[in-house]
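Report on the following structure.
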Amino acid sequence: MSPCIVWRSEHQRIGFGDRPPGALFDPGSLTQLLRSLGDLQVKKRLQDWCVPYLDEQLLLDKQASRNLALTREVSLHINDQPFVFARSILPNATLQGPNRFLRHWDTRPLGEFLFSHRLCKRGMFQYTRIAGNHGLLPEDLRSSRSLWGRRSVFYLNQQPLIVAEFYLPAFLKRLVSDCKT
């Protein structure tokens, strides 16, 4: 069952109601930002072959859209507190040839690798705001507060993969407190 998420393009930053955190629009590495806040740990929650959700299929090229893709869900923790929930979609065609090692990526931050790879390019961002109890989120990460999210397509060796990141309450609180100081 596909969770209904409304994604807005990079050019549609308005219409969210509350003002989104500035870090949502930062084109740099989220992993690098998180490392600057403390001890980063990656907790793997899912890594399996699944059919991408419809909105993910539409974002991928037509050949990759309805086929199984390696779906990886992790939570990124700072000092043992969950800050980000991330969902990555790696189509089978992307995991061939020089990218095949990503099939066994385990608990290392994927974003950190993508930003350091010379043959990786990032497409435009899309943004969303979801309920804190949205069905996409693992139960232990759900909250009563709404969450901001962003996603983009990366092209690794010219092959697409999706990375979506959802900012959890502890991260949003930290971003707000950092803005006040």
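Naming works like this for the structure tokens: A, B, ... for the chains as they're shown, residue 1 at the start of each chain, ligands 1 onward in shown order.
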Selection near Asp39 (chain A), 10 Å with only C-alpha atoms, sequence-local residues under 2 positions removed, as an NGL selection string: :A and (34-37 or 41 or 77-81)
Write the residues of the selection above to a file with N, CA, C and O atoms, as a CSV table (one decimal), in the first residue's frame.
chain,number,residue,atom,x,y,z
A,34,LEU,N,24.7,16.6,9.9
A,34,LEU,CA,24.4,15.8,11.1
A,34,LEU,C,25.7,15.4,11.8
A,34,LEU,O,25.8,15.5,13.0
A,35,ARG,N,26.8,15.1,11.1
A,35,ARG,CA,28.1,14.8,11.8
A,35,ARG,C,28.6,16.0,12.6
A,35,ARG,O,29.2,15.8,13.6
A,36,SER,N,28.3,17.2,12.1
A,36,SER,CA,28.7,18.4,12.8
A,36,SER,C,27.9,18.6,14.1
A,36,SER,O,28.3,19.4,15.0
A,37,LEU,N,26.8,17.9,14.3
A,37,LEU,CA,26.0,18.0,15.5
A,37,LEU,C,26.3,17.0,16.6
A,37,LEU,O,25.8,17.1,17.7
A,41,GLN,N,25.0,7.8,14.1
A,41,GLN,CA,24.8,6.4,14.0
A,41,GLN,C,23.7,6.2,13.0
A,41,GLN,O,22.8,7.0,12.9
A,77,HIS,N,20.8,8.8,13.7
A,77,HIS,CA,20.7,9.2,15.1
A,77,HIS,C,22.0,10.1,15.4
A,77,HIS,O,23.1,9.8,14.9
A,78,ILE,N,21.7,11.1,16.2
A,78,ILE,CA,22.8,11.9,16.8
A,78,ILE,C,22.8,11.6,18.3
A,78,ILE,O,21.8,11.9,18.9
A,79,ASN,N,23.9,11.2,18.8
A,79,ASN,CA,24.1,10.9,20.2
A,79,ASN,C,22.9,10.0,20.7
A,79,ASN,O,22.2,10.3,21.7
A,80,ASP,N,22.5,9.0,19.9
A,80,ASP,CA,21.5,8.0,20.2
A,80,ASP,C,20.1,8.6,20.1
A,80,ASP,O,19.1,7.9,20.5
A,81,GLN,N,19.9,9.7,19.6
A,81,GLN,CA,18.5,10.3,19.4
A,81,GLN,C,18.2,10.4,17.9
A,81,GLN,O,19.0,10.9,17.1
Please return as a ChimeraX atom specification: the residues of chain A that backbone DSSP assigns to helix (DSSP H, G or I). /A:22-25,30-35,54-59,92-95,97-104,110-116,139-141,169-180
All residues 7 Å or closer to region 50-54 of chain A, only C-alpha atoms, same chain fewer than 2 positions away omitted, as a list of chain:residue names: A:Ser2, A:Asp48, A:Glu56, A:Gln57, A:Leu58, A:Arg66, A:Asn67, A:Leu68, A:Ala69, A:Leu70, A:Thr71
Take the selection from the previous step and output its residues with N, CA and C atoms, as a CSV table (one decimal), in the first residue's frame.
chain,number,residue,atom,x,y,z
A,2,SER,N,0.7,2.1,-0.9
A,2,SER,CA,1.5,3.3,-1.1
A,2,SER,C,0.9,4.4,-0.2
A,48,ASP,N,15.4,-4.4,1.3
A,48,ASP,CA,14.7,-5.5,0.7
A,48,ASP,C,14.3,-5.1,-0.7
A,56,GLU,N,7.2,7.3,-6.4
A,56,GLU,CA,8.6,7.0,-6.7
A,56,GLU,C,8.7,6.4,-8.1
A,57,GLN,N,7.8,5.6,-8.6
A,57,GLN,CA,7.8,5.1,-9.9
A,57,GLN,C,7.8,6.3,-10.9
A,58,LEU,N,7.0,7.2,-10.7
A,58,LEU,CA,6.8,8.4,-11.6
A,58,LEU,C,8.1,9.2,-11.6
A,66,ARG,N,8.3,0.2,-12.7
A,66,ARG,CA,7.4,-0.8,-12.1
A,66,ARG,C,8.2,-2.1,-11.6
A,67,ASN,N,9.4,-2.2,-11.9
A,67,ASN,CA,10.2,-3.3,-11.5
A,67,ASN,C,10.6,-3.2,-10.0
A,68,LEU,N,11.0,-4.4,-9.5
A,68,LEU,CA,11.5,-4.4,-8.1
A,68,LEU,C,12.7,-3.5,-8.0
A,69,ALA,N,12.8,-2.8,-6.9
A,69,ALA,CA,14.0,-2.0,-6.6
A,69,ALA,C,14.5,-2.3,-5.2
A,70,LEU,N,15.7,-2.2,-4.9
A,70,LEU,CA,16.2,-2.3,-3.6
A,70,LEU,C,15.8,-1.1,-2.8
A,71,THR,N,15.0,-1.4,-1.7
A,71,THR,CA,14.4,-0.3,-0.9
A,71,THR,C,15.2,-0.4,0.4
What lies within 7 Å of Asn133 (chain A) using only C-alpha atoms, ignoring chain neighbours under 3 positions off, as a list in words? Arg142, Ser143 and Ser144 of chain A
What's around Phe115 (chain A) at 9 Å? Count only C-alpha atoms, leave out sequence neighbours fewer than 6 positions away in its own chain, and write the answer as a compact mmCIF listing (two decimals) with N, CA, C and O atoms, in the first residue's frame.
# COMPACT_ATOMS: atom_id res chain seq x y z
N GLY A 28 23.71 20.92 0.20
CA GLY A 28 24.86 20.14 0.64
C GLY A 28 24.46 18.81 1.26
O GLY A 28 23.30 18.43 1.29
N SER A 29 25.44 18.11 1.76
CA SER A 29 25.25 16.79 2.35
C SER A 29 24.58 16.90 3.72
O SER A 29 25.12 17.52 4.64
N LYS A 121 25.62 12.87 -9.70
CA LYS A 121 24.99 14.18 -9.82
C LYS A 121 23.61 14.11 -9.16
O LYS A 121 22.94 13.09 -9.21
N ARG A 122 23.21 15.21 -8.56
CA ARG A 122 21.92 15.28 -7.90
C ARG A 122 20.94 16.08 -8.75
O ARG A 122 21.28 17.15 -9.25
I'd like a table as JSON lines: residues in region 58-128 of chain A with an atom no more than 8 Å from region 161-164 of chain A, each row giving the shortest atom pair and its distance in Å to one decimal, only C-alpha atoms counted, sorted by chain and rising residue number.
{"residue": "A:Leu60", "atom": "CA", "partner": "A:Leu161", "partner_atom": "CA", "distance": 7.6}
{"residue": "A:Ala86", "atom": "CA", "partner": "A:Ala164", "partner_atom": "CA", "distance": 5.5}
{"residue": "A:Arg87", "atom": "CA", "partner": "A:Ala164", "partner_atom": "CA", "distance": 5.2}
{"residue": "A:Ser88", "atom": "CA", "partner": "A:Val163", "partner_atom": "CA", "distance": 4.5}
{"residue": "A:Ile89", "atom": "CA", "partner": "A:Ile162", "partner_atom": "CA", "distance": 5.0}
{"residue": "A:Leu90", "atom": "CA", "partner": "A:Leu161", "partner_atom": "CA", "distance": 4.8}
{"residue": "A:Pro91", "atom": "CA", "partner": "A:Leu161", "partner_atom": "CA", "distance": 6.6}
{"residue": "A:Thr94", "atom": "CA", "partner": "A:Leu161", "partner_atom": "CA", "distance": 7.1}
Selection file, N, CA, C and O atoms, as a JSON list (two decimals), in the first residue's frame:
[["chain", "number", "residue", "atom", "x", "y", "z"],
["A", 60, "LEU", "N", 11.17, 7.99, -11.24],
["A", 60, "LEU", "CA", 12.22, 7.22, -11.92],
["A", 60, "LEU", "C", 11.95, 7.15, -13.41],
["A", 60, "LEU", "O", 10.83, 7.39, -13.87],
["A", 86, "ALA", "N", 15.26, 8.13, 6.60],
["A", 86, "ALA", "CA", 15.60, 8.20, 5.17],
["A", 86, "ALA", "C", 15.12, 6.94, 4.46],
["A", 86, "ALA", "O", 15.21, 5.83, 5.00],
["A", 87, "ARG", "N", 14.63, 7.15, 3.25],
["A", 87, "ARG", "CA", 14.17, 6.05, 2.40],
["A", 87, "ARG", "C", 14.86, 6.21, 1.05],
["A", 87, "ARG", "O", 14.76, 7.27, 0.42],
["A", 88, "SER", "N", 15.55, 5.16, 0.62],
["A", 88, "SER", "CA", 16.26, 5.17, -0.66],
["A", 88, "SER", "C", 15.70, 4.08, -1.55],
["A", 88, "SER", "O", 15.42, 2.97, -1.09],
["A", 89, "ILE", "N", 15.54, 4.40, -2.83],
["A", 89, "ILE", "CA", 15.04, 3.47, -3.83],
["A", 89, "ILE", "C", 16.14, 3.31, -4.88],
["A", 89, "ILE", "O", 16.50, 4.28, -5.56],
["A", 90, "LEU", "N", 16.67, 2.08, -4.98],
["A", 90, "LEU", "CA", 17.74, 1.80, -5.92],
["A", 90, "LEU", "C", 17.26, 0.76, -6.93],
["A", 90, "LEU", "O", 17.20, -0.44, -6.61],
["A", 91, "PRO", "N", 16.86, 1.20, -8.13],
["A", 91, "PRO", "CA", 16.37, 0.25, -9.14],
["A", 91, "PRO", "C", 17.42, -0.80, -9.48],
["A", 91, "PRO", "O", 18.63, -0.55, -9.39],
["A", 94, "THR", "N", 20.15, 0.20, -11.77],
["A", 94, "THR", "CA", 21.15, 1.06, -11.15],
["A", 94, "THR", "C", 22.22, 0.24, -10.43],
["A", 94, "THR", "O", 23.36, 0.66, -10.31]]
Given the choices A:Gly135, A:Glu73, A:Leu59, A:Arg19, which gets closest to Leu172 (chain A) if the distance is worked out from only C-alpha atoms?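 Nearest candidate to Leu172 (chain A) out of A:Gly135, A:Glu73, A:Leu59, A:Arg19: A:Arg19.
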Which of these, A:Ile130, A:Cys120, A:Leu24, A:Leu147, has the shortest distance to Leu168 (chain A) once you count only C-alpha atoms?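 Answer, going by the shortest atom-to-atom distance: A:Leu147.
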Among A:Leu46, A:Leu33, A:Leu175, A:Val153, Met124 (chain A) is approached most closely, using only C-alpha atoms, by A:Val153
